[in-house]
file upload20.cif (mmCIF, C-alpha atoms and all ligand atoms)
data_structure
loop_
_atom_site.label_atom_id
_atom_site.label_comp_id
_atom_site.auth_asym_id
_atom_site.auth_seq_id
_atom_site.Cartn_x
_atom_site.Cartn_y
_atom_site.Cartn_z
CA MET A 1 -11.42 30.52 26.60
CA ILE A 2 -13.68 28.22 28.59
CA THR A 3 -14.40 26.27 25.42
CA ALA A 4 -10.70 25.94 24.59
CA CYS A 5 -9.89 24.70 28.12
CA ALA A 6 -12.77 22.25 28.00
CA LEU A 7 -11.60 20.92 24.64
CA ALA A 8 -8.04 20.53 25.90
CA PHE A 9 -9.33 18.62 28.91
CA VAL A 10 -11.44 16.29 26.78
CA SER A 11 -8.59 15.61 24.43
CA LEU A 12 -6.09 14.85 27.22
CA ALA A 13 -8.57 12.69 29.07
CA SER A 14 -9.25 10.64 25.96
CA GLY A 15 -5.53 10.24 25.28
CA PHE A 16 -5.66 12.23 22.07
CA GLN A 17 -4.05 15.48 21.22
CA GLU A 18 -5.74 18.05 19.08
CA SER A 19 -4.35 18.28 15.58
CA PRO A 20 -1.42 20.68 15.68
CA LYS A 21 -2.11 23.89 13.83
CA SER A 22 0.87 23.33 11.58
CA GLY A 23 3.12 20.48 10.59
CA SER A 24 2.42 17.30 8.73
CA LEU A 25 3.78 13.87 7.98
CA LYS A 26 5.20 14.90 4.63
CA GLU A 27 6.97 17.91 6.15
CA ALA A 28 8.40 15.74 8.90
CA ALA A 29 9.69 13.23 6.34
CA ARG A 30 11.27 16.15 4.42
CA ASN A 31 12.94 14.85 1.28
CA ARG A 32 14.07 11.59 2.86
CA PHE A 33 11.03 9.60 1.66
CA LYS A 34 7.56 10.16 0.24
CA VAL A 35 4.56 9.65 2.49
CA GLY A 36 1.63 7.97 0.80
CA VAL A 37 -1.89 6.85 1.59
CA ALA A 38 -4.36 4.47 -0.03
CA LEU A 39 -7.59 6.24 -0.90
CA ALA A 40 -11.15 5.15 -1.51
CA THR A 41 -12.47 6.96 -4.56
CA ASP A 42 -15.93 7.34 -3.03
CA LYS A 43 -14.43 9.49 -0.25
CA LEU A 44 -12.96 12.08 -2.61
CA THR A 45 -16.00 14.33 -2.24
CA ASP A 46 -15.61 14.41 1.55
CA ARG A 47 -13.79 17.66 2.41
CA GLN A 48 -12.62 16.49 5.82
CA TYR A 49 -11.06 13.43 4.20
CA THR A 50 -9.43 15.24 1.29
CA SER A 51 -8.06 18.10 3.39
CA LEU A 52 -6.30 15.62 5.67
CA VAL A 53 -4.90 13.83 2.61
CA ILE A 54 -3.61 17.04 1.06
CA ARG A 55 -2.06 18.23 4.29
CA HIS A 56 -0.11 15.10 5.19
CA PHE A 57 0.68 13.15 2.04
CA ASN A 58 2.50 13.63 -1.24
CA SER A 59 1.75 10.24 -2.75
CA VAL A 60 -1.51 8.30 -3.17
CA THR A 61 -2.53 4.78 -4.17
CA PRO A 62 -6.10 3.89 -5.14
CA GLU A 63 -7.20 1.23 -2.67
CA ASN A 64 -9.39 -0.49 -5.26
CA SER A 65 -10.21 1.65 -8.29
CA LEU A 66 -7.26 0.72 -10.52
CA LYS A 67 -7.57 -3.03 -9.95
CA PRO A 68 -8.57 -5.00 -13.04
CA SER A 69 -12.10 -5.88 -11.89
CA SER A 70 -12.81 -2.25 -10.98
CA MET A 71 -12.40 -1.22 -14.63
CA LEU A 72 -12.64 -4.26 -16.90
CA VAL A 73 -16.34 -4.97 -17.19
CA SER A 74 -16.32 -7.64 -19.90
CA PRO A 75 -13.69 -8.73 -22.41
CA GLY A 76 -12.25 -5.57 -23.97
CA VAL A 77 -14.86 -3.31 -22.31
CA TYR A 78 -13.73 -0.85 -19.67
CA ASN A 79 -15.48 1.53 -17.33
CA PHE A 80 -12.94 4.14 -16.31
CA THR A 81 -15.32 6.36 -14.36
CA GLU A 82 -13.84 5.71 -10.91
CA SER A 83 -10.21 5.42 -11.99
CA ASP A 84 -10.45 8.67 -14.00
CA LYS A 85 -11.88 10.43 -10.94
CA PHE A 86 -9.03 9.19 -8.81
CA VAL A 87 -6.32 10.18 -11.29
CA ALA A 88 -7.86 13.62 -11.85
CA PHE A 89 -8.09 14.24 -8.10
CA ALA A 90 -4.45 13.30 -7.52
CA ASN A 91 -3.05 15.07 -10.58
CA SER A 92 -4.86 18.29 -9.78
CA ARG A 93 -3.35 18.28 -6.28
CA ARG A 94 0.11 17.20 -7.46
CA LEU A 95 -0.02 13.99 -5.47
CA GLU A 96 2.16 11.29 -7.00
CA ILE A 97 0.16 8.20 -7.97
CA THR A 98 1.09 4.58 -7.52
CA GLY A 99 -1.10 2.52 -9.84
CA HIS A 100 -2.26 -0.59 -8.02
CA THR A 101 -2.28 -3.15 -9.60
CA LEU A 102 -2.02 -4.64 -13.11
CA VAL A 103 -1.78 -8.37 -12.44
CA TRP A 104 -3.21 -9.99 -9.32
CA HIS A 105 -5.06 -13.22 -8.55
CA GLU A 106 -7.76 -11.29 -6.66
CA GLN A 107 -10.11 -8.61 -7.98
CA SER A 108 -9.44 -9.66 -11.58
CA PRO A 109 -12.04 -10.96 -14.04
CA SER A 110 -11.60 -14.69 -14.57
CA PHE A 111 -11.92 -14.33 -18.35
CA LEU A 112 -8.45 -12.78 -18.52
CA TYR A 113 -6.74 -16.12 -17.94
CA GLN A 114 -9.47 -18.81 -17.84
CA ASP A 115 -12.18 -20.15 -20.11
CA ALA A 116 -15.82 -20.38 -19.10
CA SER A 117 -15.21 -23.78 -17.46
CA GLY A 118 -12.37 -22.45 -15.36
CA ASN A 119 -9.61 -24.08 -17.43
CA PRO A 120 -6.48 -22.08 -18.24
CA LEU A 121 -6.53 -20.27 -21.58
CA SER A 122 -3.71 -21.04 -23.99
CA ARG A 123 -0.45 -19.21 -23.26
CA THR A 124 -0.82 -17.16 -26.44
CA VAL A 125 -4.34 -15.98 -25.65
CA ALA A 126 -3.58 -15.31 -21.98
CA LEU A 127 -0.47 -13.32 -22.87
CA SER A 128 -2.44 -11.31 -25.38
CA ASN A 129 -5.16 -10.59 -22.77
CA MET A 130 -2.57 -9.52 -20.21
CA ARG A 131 -0.79 -7.29 -22.70
CA ASN A 132 -4.04 -5.70 -23.87
CA HIS A 133 -5.08 -4.99 -20.28
CA ILE A 134 -1.73 -3.48 -19.34
CA HIS A 135 -1.65 -1.33 -22.47
CA ALA A 136 -5.25 -0.20 -21.97
CA VAL A 137 -4.66 0.96 -18.40
CA VAL A 138 -1.01 2.06 -18.38
CA GLY A 139 -1.50 3.67 -21.79
CA ARG A 140 -4.55 5.63 -20.61
CA TYR A 141 -2.69 7.04 -17.62
CA LYS A 142 0.70 7.45 -19.26
CA GLY A 143 2.49 10.45 -17.78
CA LYS A 144 -0.17 10.72 -15.03
CA VAL A 145 0.79 7.75 -12.87
CA LYS A 146 4.29 7.80 -11.45
CA GLY A 147 4.70 4.08 -10.95
CA TRP A 148 2.84 0.77 -11.10
CA ASP A 149 2.58 -2.24 -8.84
CA VAL A 150 2.93 -4.35 -11.96
CA VAL A 151 2.40 -7.73 -10.33
CA ASN A 152 0.98 -8.23 -6.87
CA GLU A 153 1.53 -11.22 -4.58
CA ALA A 154 3.04 -13.74 -7.02
CA VAL A 155 4.89 -15.64 -4.29
CA ALA A 156 3.07 -18.47 -2.47
CA ASP A 157 2.93 -18.56 1.32
CA SER A 158 4.21 -22.12 1.11
CA GLY A 159 7.18 -21.06 -1.04
CA GLY A 160 7.69 -20.93 -4.80
CA MET A 161 5.28 -19.22 -7.15
CA ARG A 162 1.59 -18.87 -6.31
CA GLN A 163 -0.47 -21.06 -8.65
CA THR A 164 -2.65 -18.26 -9.98
CA PRO A 165 -4.81 -18.29 -13.11
CA ALA A 166 -2.13 -16.21 -14.89
CA TYR A 167 0.60 -18.62 -13.80
CA ARG A 168 -1.36 -21.67 -14.95
CA ALA A 169 -2.13 -20.20 -18.35
CA ILE A 170 1.19 -18.53 -19.11
CA GLY A 171 3.81 -20.21 -16.93
CA PRO A 172 6.33 -18.76 -14.47
CA ASP A 173 7.50 -16.04 -16.85
CA TYR A 174 4.12 -14.29 -16.65
CA VAL A 175 5.67 -11.86 -14.16
CA LEU A 176 8.53 -11.00 -16.50
CA LYS A 177 6.10 -10.54 -19.40
CA ALA A 178 3.93 -8.21 -17.32
CA PHE A 179 6.96 -6.01 -16.62
CA GLU A 180 7.88 -6.04 -20.30
CA TYR A 181 4.37 -4.93 -21.33
CA ALA A 182 4.21 -2.22 -18.66
CA ALA A 183 7.57 -0.80 -19.79
CA GLU A 184 6.34 -0.79 -23.40
CA ALA A 185 3.15 1.03 -22.46
CA ASP A 186 4.88 3.81 -20.48
CA PRO A 187 8.67 3.76 -20.72
CA ASN A 188 8.93 6.54 -18.13
CA ALA A 189 6.83 4.91 -15.42
CA GLU A 190 8.45 3.38 -12.37
CA LEU A 191 7.70 -0.34 -12.08
CA TYR A 192 7.42 -2.26 -8.81
CA TYR A 193 6.99 -5.86 -7.72
CA ASN A 194 4.62 -5.76 -4.72
CA ASP A 195 3.99 -8.46 -2.11
CA TYR A 196 3.35 -9.11 1.59
CA ASN A 197 5.73 -10.76 4.07
CA ILE A 198 8.52 -11.07 1.49
CA GLU A 199 10.87 -9.45 4.01
CA LEU A 200 10.12 -12.27 6.46
CA ASN A 201 12.31 -15.35 6.62
CA TYR A 202 9.62 -17.80 5.47
CA LYS A 203 8.90 -16.05 2.19
CA ARG A 204 12.02 -14.08 1.35
CA PRO A 205 14.03 -16.82 -0.45
CA SER A 206 11.22 -17.41 -2.97
CA ALA A 207 10.75 -13.69 -3.52
CA LEU A 208 14.47 -13.14 -4.04
CA ASN A 209 14.48 -15.99 -6.61
CA LEU A 210 11.63 -14.36 -8.48
CA ILE A 211 13.24 -10.94 -8.38
CA THR A 212 16.57 -12.33 -9.54
CA SER A 213 14.82 -13.99 -12.47
CA LEU A 214 13.27 -10.62 -13.37
CA ARG A 215 16.66 -8.97 -13.29
CA THR A 216 18.21 -11.76 -15.38
CA GLY A 217 15.34 -11.49 -17.83
CA GLY A 218 16.04 -7.79 -18.30
CA ALA A 219 12.94 -6.40 -16.54
CA LYS A 220 12.84 -2.78 -15.53
CA LEU A 221 12.31 -3.09 -11.78
CA THR A 222 12.49 0.28 -10.06
CA ALA A 223 11.84 -0.88 -6.50
CA ILE A 224 10.43 -3.66 -4.39
CA GLY A 225 7.07 -2.99 -2.76
CA ILE A 226 6.99 -4.45 0.74
CA GLN A 227 3.35 -4.18 1.76
CA GLY A 228 3.91 -3.88 5.51
CA HIS A 229 0.71 -5.37 6.95
CA TYR A 230 2.02 -5.79 10.48
CA ASN A 231 0.66 -6.41 13.97
CA LEU A 232 1.87 -5.54 17.44
CA SER A 233 3.90 -8.77 17.60
CA SER A 234 5.68 -8.24 14.28
CA SER A 235 9.41 -8.37 14.88
CA LEU A 236 11.11 -5.20 13.72
CA ASN A 237 14.45 -7.04 13.81
CA GLU A 238 13.20 -9.65 11.35
CA ILE A 239 11.65 -6.94 9.14
CA LYS A 240 14.84 -4.87 9.12
CA GLY A 241 17.06 -7.89 8.46
CA GLY A 242 14.85 -9.01 5.59
CA ILE A 243 14.64 -5.59 3.96
CA GLN A 244 18.41 -5.28 4.24
CA GLN A 245 18.81 -8.34 2.02
CA TYR A 246 16.90 -6.62 -0.78
CA ILE A 247 18.98 -3.50 -0.24
CA ASN A 248 22.18 -5.58 -0.35
CA ASN A 249 21.02 -6.89 -3.73
CA GLY A 250 20.81 -3.32 -4.99
CA TYR A 251 17.07 -2.63 -4.73
CA ASN A 252 15.22 0.36 -3.43
CA ILE A 253 12.19 -0.25 -1.23
CA MET A 254 8.66 1.12 -1.09
CA ILE A 255 6.70 0.28 2.06
CA SER A 256 3.51 0.14 0.07
CA GLU A 257 0.58 -0.77 2.39
CA LEU A 258 1.53 -0.02 5.99
CA ASP A 259 -0.82 -0.73 8.89
CA VAL A 260 -0.56 -2.36 12.31
CA ASP A 261 -3.37 -4.70 13.34
CA VAL A 262 -4.08 -4.35 17.08
CA LEU A 263 -6.85 -6.95 17.41
CA PRO A 264 -6.53 -10.47 18.78
CA SER A 265 -7.35 -13.35 16.42
CA SER A 266 -10.91 -13.58 17.74
CA GLY A 267 -13.34 -11.23 19.46
CA ASN A 268 -13.85 -7.51 19.07
CA PRO A 269 -12.59 -6.03 22.33
CA TYR A 270 -11.84 -2.38 21.47
CA THR A 271 -15.13 -1.01 20.19
CA ALA A 272 -15.02 1.81 22.76
CA GLY A 273 -11.40 2.73 22.03
CA LEU A 274 -7.96 1.34 22.74
CA PRO A 275 -6.88 0.66 26.31
CA SER A 276 -3.80 2.72 27.16
CA THR A 277 -1.49 -0.32 27.22
CA ILE A 278 -2.37 -1.20 23.63
CA GLN A 279 -2.32 2.45 22.57
CA ASN A 280 1.19 2.73 24.03
CA SER A 281 2.35 -0.43 22.24
CA LEU A 282 1.01 0.90 18.95
CA THR A 283 2.69 4.24 19.52
CA GLN A 284 5.99 2.58 20.33
CA TRP A 285 5.71 0.23 17.33
CA TYR A 286 5.21 3.11 14.91
CA GLY A 287 7.97 5.16 16.55
CA ASN A 288 10.48 2.33 16.22
CA PHE A 289 9.45 1.65 12.65
CA PHE A 290 9.83 5.26 11.53
CA THR A 291 13.15 5.60 13.35
CA TYR A 292 14.27 2.72 11.12
CA VAL A 293 12.74 4.25 7.96
CA ALA A 294 14.34 7.62 8.63
CA THR A 295 17.76 6.02 8.90
CA THR A 296 17.42 3.82 5.80
CA PRO A 297 17.87 5.96 2.68
CA GLN A 298 16.94 3.11 0.33
CA ILE A 299 13.34 3.28 1.59
CA LYS A 300 11.90 5.78 -0.85
CA ARG A 301 8.23 5.82 0.16
CA VAL A 302 5.97 4.73 3.00
CA THR A 303 2.30 4.40 2.07
CA PHE A 304 -0.37 3.82 4.74
CA TRP A 305 -3.15 1.45 3.71
CA GLY A 306 -6.02 3.78 4.51
CA LEU A 307 -6.38 7.27 5.94
CA THR A 308 -8.20 6.75 9.23
CA ASP A 309 -8.98 3.76 11.42
CA GLY A 310 -12.55 3.93 10.16
CA ASN A 311 -11.40 3.42 6.56
CA SER A 312 -9.19 0.40 7.15
CA TRP A 313 -9.74 -2.97 5.47
CA LEU A 314 -8.70 -4.47 8.84
CA ASN A 315 -12.17 -3.69 10.21
CA ASN A 316 -13.34 -6.46 7.89
CA TRP A 317 -10.45 -8.92 7.81
CA PRO A 318 -9.98 -11.66 8.88
CA ILE A 319 -13.39 -11.16 10.54
CA SER A 320 -15.87 -8.66 9.19
CA GLY A 321 -17.49 -5.92 11.24
CA ARG A 322 -14.82 -5.43 13.90
CA THR A 323 -13.33 -2.19 15.26
CA ASN A 324 -9.64 -2.03 14.50
CA HIS A 325 -7.21 0.84 15.17
CA PRO A 326 -4.28 0.25 12.82
CA LEU A 327 -3.45 3.72 11.46
CA LEU A 328 -2.22 7.15 12.64
CA PHE A 329 -5.61 8.92 12.50
CA ASP A 330 -8.68 7.87 14.47
CA ARG A 331 -12.28 7.55 13.29
CA ASN A 332 -12.82 11.26 13.92
CA TYR A 333 -9.84 12.23 11.75
CA ARG A 334 -7.81 13.16 14.81
CA PRO A 335 -4.12 12.29 15.09
CA LYS A 336 -3.44 9.49 17.55
CA PRO A 337 -0.49 9.32 19.95
CA ALA A 338 1.28 7.20 17.30
CA TYR A 339 1.07 10.16 14.92
CA ASN A 340 2.79 12.42 17.43
CA GLU A 341 5.47 9.82 18.00
CA VAL A 342 6.14 9.49 14.26
CA ILE A 343 6.47 13.27 13.98
CA ARG A 344 8.78 13.28 16.99
CA VAL A 345 11.12 10.55 15.72
CA LEU A 346 11.26 12.05 12.25
CA GLY A 347 12.21 15.38 13.80
CA THR A 348 14.94 13.97 16.02
CA SER A 349 16.41 11.44 13.60
CA SER A 350 20.00 12.28 12.90
CA THR A 351 19.93 10.89 9.36
CA PRO A 352 21.60 13.26 6.95
CA ILE A 353 19.01 14.84 4.71
CA PRO A 354 19.95 14.41 1.06
O1 LIG A 401 -17.62 -2.28 -4.06
C1 LIG A 401 -18.35 -3.35 -3.47
C2 LIG A 401 -19.71 -2.91 -3.05
O2 LIG A 401 -20.44 -2.56 -4.20
C3 LIG A 401 -20.40 -4.05 -2.28
O3 LIG A 401 -21.65 -3.62 -1.82
C4 LIG A 401 -19.56 -4.50 -1.12
C5 LIG A 401 -20.15 -5.67 -0.35
O4 LIG A 401 -19.17 -6.49 0.22
O5 LIG A 401 -18.30 -4.88 -1.60
C6 LIG A 401 -17.60 -3.83 -2.25
O6 LIG A 401 -16.38 -4.35 -2.67
C7 LIG A 401 -15.39 -4.53 -1.68
C8 LIG A 401 -14.19 -3.71 -2.06
O7 LIG A 401 -13.13 -3.97 -1.17
C9 LIG A 401 -14.47 -2.20 -2.06
O8 LIG A 401 -14.82 -1.78 -0.79
C10 LIG A 401 -15.05 -5.99 -1.61
O9 LIG A 401 -16.13 -6.74 -1.09
C11 LIG A 401 -13.84 -6.19 -0.72
O10 LIG A 401 -13.41 -7.56 -0.82
C12 LIG A 401 -12.71 -5.31 -1.19
O11 LIG A 401 -11.64 -5.50 -0.29
C13 LIG A 401 -10.39 -4.98 -0.73
C14 LIG A 401 -9.38 -6.11 -0.79
O12 LIG A 401 -8.10 -5.59 -1.13
C15 LIG A 401 -9.77 -7.16 -1.81
O13 LIG A 401 -8.93 -8.23 -1.72
C16 LIG A 401 -9.93 -3.95 0.29
O14 LIG A 401 -10.81 -2.81 0.24
C17 LIG A 401 -8.50 -3.51 0.00
O15 LIG A 401 -8.01 -2.74 1.07
C18 LIG A 401 -7.62 -4.74 -0.13
O16 LIG A 401 -6.33 -4.29 -0.47
C19 LIG A 401 -5.32 -5.31 -0.59
C20 LIG A 401 -4.31 -4.84 -1.63
O17 LIG A 401 -4.98 -4.56 -2.83
C21 LIG A 401 -3.22 -5.88 -1.84
N1 LIG A 401 -2.58 -6.23 -0.59
C22 LIG A 401 -3.48 -6.63 0.47
C23 LIG A 401 -4.54 -5.55 0.71
C24 LIG A 401 -5.43 -5.93 1.87
O18 LIG A 401 -6.17 -7.08 1.56
#

call {"tool": "encode", "arguments": {"input": "upload20.cif", "output": "structure tokens"}}
result
Amino acid sequence: MITACALAFVSLASGFQESPKSGSLKEAARNRFKVGVALATDKLTDRQYTSLVIRHFNSVTPENSLKPSSMLVSPGVYNFTESDKFVAFANSRRLEITGHTLVWHEQSPSFLYQDASGNPLSRTVALSNMRNHIHAVVGRYKGKVKGWDVVNEAVADSGGMRQTPAYRAIGPDYVLKAFEYAAEADPNAELYYNDYNIELNYKRPSALNLITSLRTGGAKLTAIGIQGHYNLSSSLNEIKGGIQQYINNGYNIMISELDVDVLPSSGNPYTAGLPSTIQNSLTQWYGNFFTYVATTPQIKRVTFWGLTDGNSWLNNWPISGRTNHPLLFDRNYRPKPAYNEVIRVLGTSSTPIP
């Protein structure tokens, strides 16, 4: 009894609530949308990590282990050790998998689209390399992966198409070809175009052009992946307005990499924890966002980009070695006030449940 009281005191004083004995994110979402999380394969032997995953999520994305450079060691030579571990873990727990990602300008071996001097390969050779890679990976996990982020981040921040190695070698239809090859390799897989900030005004017109060209070209495009790397100043009105334009064009949406950066552009001020003002802003931000998600039936999944604050890429970007707090679980795997707020708004939302 004394111990329980003491624990309750500590948790209130630190602004955290103990994990409720029952309930979870996926239960709170009911069948309105899937709740996903990006996982690091090297954490899959950590019981505290995996039990939190299994309790709260019904969808998982490998944070790195299905990216081309994580598997493709040298031309035509693959090491599937990590990706196989990830897929086996998720399949055995009936967690839906989003395969991330088949074509991206980062974390991809240069030999796919460039020669040894860095010049673009011929279109024919580059297309063949892309097709072989997509068939090798999608074919291996056919029936095991629910959907693929086929192409990631093809739109440039300055507008138009990003001038990637694949673009330079193949031309603008490389995106369409990637979708064609993915559909060939697993006709039953869902296929997504995934990108950041394409709901925002500065990038949306270029993304809509690309997506329209995919539709015109006959691509199977199941949904648009909106990454959702936000910060406390991100305007929910702009986000909602932008997503609505995709919905108006007939697309479903996956929020594919959600997190909320709480750090200023320089410095590392919250190493000892978040001040209550920032904690409250984060809580409110998440509450407002999930109120919107719960009332938007075209949003089919929300995936967090990392399980706990300690696992987030935002501890190392744009400055490495900082202490960020962008997720719903803290470094000790405890739910933060933002978690409780998300559960609350999902419980009170009046959206009809399909
Ligand atoms: O695995 C090596 C390790 O062997 C080495 O000792 C260590 C030293 O730096 O690096 C490790 O690789 C790191 C890898 O993550 C695995 O932890 C890379 O340096 C690091 O660059 C890489 O960062 C990943 C990043 O994509 C690469 O661009 C992040 O974990 C991952 O969260 C991030 O995810 C991307 C999405 O795929 C696409 N959207 C944006 C998102 C955030 O950048």

call {"tool": "closest_residue", "arguments": {"input": "upload20.cif", "among": "A:Pro318, A:Gly250, A:Pro337, A:Gly347", "to": "ligand LIG 401 (chain A)", "atoms": "all atoms listed in the file"}}
result
A:Pro318

call {"tool": "residues_near_ligand", "arguments": {"input": "upload20.cif", "ligand": "ligand LIG 401 (chain A)", "cutoff": "9 Å", "atoms": "only C-alpha atoms and all ligand atoms", "output": "ChimeraX atom specification"}}
result
/A:38,40,62-65,67,70,100-101,104,106-107,152-153,194-196,227,229,256-257,305-306,311-314,316-317

call {"tool": "atom_distance", "arguments": {"input": "upload20.cif", "atom1": "CA of Asp309 in chain A", "atom2": "CA of Asn288 in chain A"}}
result
20.1 Å

call {"tool": "atom_distance", "arguments": {"input": "upload20.cif", "atom1": "CA of Leu112 in chain A", "atom2": "CA of Thr164 in chain A"}}
result
11.7 Å

call {"tool": "residues_around", "arguments": {"input": "upload20.cif", "residues": "Asp42 in chain A", "least_positions_apart": "5", "cutoff": "10 Å", "atoms": "all atoms listed in the file", "output": "list in words"}}
result
Ser65, Glu82, Lys85 and Phe86 of chain A

call {"tool": "residues_near_point", "arguments": {"input": "upload20.cif", "point": "(-14.2, 10.1, 9.6)", "cutoff": "9 Å", "atoms": "only C-alpha atoms", "output": "JSON, numbers by chain"}}
result
{"A": [48, 49, 308, 309, 310, 311, 330, 331, 332, 333, 334]}

call {"tool": "residues_around", "arguments": {"input": "upload20.cif", "residues": "Ser206 in chain A", "least_positions_apart": "2", "cutoff": "6 Å", "atoms": "only C-alpha atoms", "output": "ChimeraX atom specification"}}
result
/A:159-160,203-204,208-209

call {"tool": "write_last_selection", "arguments": {"input": "upload20.cif", "atoms": "C-alpha atoms", "output": "short mmCIF file (atom, residue, chain, number, x, y, z; two decimals), keeping the file's coordinate frame"}}
result
data_model
loop_
_atom_site.label_atom_id
_atom_site.label_comp_id
_atom_site.auth_asym_id
_atom_site.auth_seq_id
_atom_site.Cartn_x
_atom_site.Cartn_y
_atom_site.Cartn_z
CA GLY A 159 7.18 -21.06 -1.04
CA GLY A 160 7.69 -20.93 -4.80
CA LYS A 203 8.90 -16.05 2.19
CA ARG A 204 12.02 -14.08 1.35
CA LEU A 208 14.47 -13.14 -4.04
CA ASN A 209 14.48 -15.99 -6.61
#

call {"tool": "residues_around", "arguments": {"input": "upload20.cif", "residues": "Phe80 in chain A", "least_positions_apart": "5", "cutoff": "12 Å", "atoms": "all atoms listed in the file", "output": "PyMOL selection string"}}
result
chain A and resi 65-73+85-88+136-137+140-141

call {"tool": "residues_around", "arguments": {"input": "upload20.cif", "residues": "Leu95 in chain A", "least_positions_apart": "4", "cutoff": "12 Å", "atoms": "only C-alpha atoms", "output": "PyMOL selection string"}}
result
chain A and resi 26+34-39+50+53-62+86-91+144-146

call {"tool": "residues_around", "arguments": {"input": "upload20.cif", "residues": "Gly267 in chain A", "least_positions_apart": "6", "cutoff": "10 Å", "atoms": "all atoms listed in the file", "output": "CSV table (one decimal) with C-alpha atoms, in the coordinates of the input"}}
result
chain,number,residue,atom,x,y,z
A,319,ILE,CA,-13.4,-11.2,10.5
A,322,ARG,CA,-14.8,-5.4,13.9
A,323,THR,CA,-13.3,-2.2,15.3

call {"tool": "closest_residue", "arguments": {"input": "upload20.cif", "among": "A:Asn119, A:Thr222, A:Thr295, A:Thr81", "to": "Tyr251 in chain A", "atoms": "only C-alpha atoms"}}
result
A:Thr222

call {"tool": "closest_residue", "arguments": {"input": "upload20.cif", "among": "A:Val260, A:Ser122, A:Leu52, A:Ile134", "to": "Gly76 in chain A", "atoms": "only C-alpha atoms"}}
result
A:Ile134

call {"tool": "closest_residue", "arguments": {"input": "upload20.cif", "among": "A:Thr45, A:Gln244, A:Thr348, A:Ser128", "to": "Ala294 in chain A", "atoms": "all atoms listed in the file"}}
result
A:Thr348

call {"tool": "closest_residue", "arguments": {"input": "upload20.cif", "among": "A:Ala272, A:Val151, A:Leu176, A:Leu121", "to": "Ile224 in chain A", "atoms": "all atoms listed in the file"}}
result
A:Val151

call {"tool": "closest_residue", "arguments": {"input": "upload20.cif", "among": "A:Leu307, A:Arg301, A:Ala223, A:Arg344", "to": "Ile247 in chain A", "atoms": "all atoms listed in the file"}}
result
A:Ala223

call {"tool": "atom_distance", "arguments": {"input": "upload20.cif", "atom1": "CA of Pro109 in chain A", "atom2": "CA of Val125 in chain A"}}
result
14.8 Å

call {"tool": "residues_near_point", "arguments": {"input": "upload20.cif", "point": "(12.4, 2.0, -14.9)", "cutoff": "7 Å", "atoms": "all atoms listed in the file", "output": "JSON, numbers by chain"}}
result
{"A": [188, 189, 190, 191, 220, 221, 222]}

call {"tool": "axis_aligned_box", "arguments": {"input": "upload20.cif", "around": "range 313-328 of chain A", "padding_each_side": "5 Å", "output": "lines of an AutoDock Vina configuration file"}}
result
center_x = -9.9
center_y = -2.3
center_z = 10.4
size_x = 25.3
size_y = 28.8
size_z = 19.8
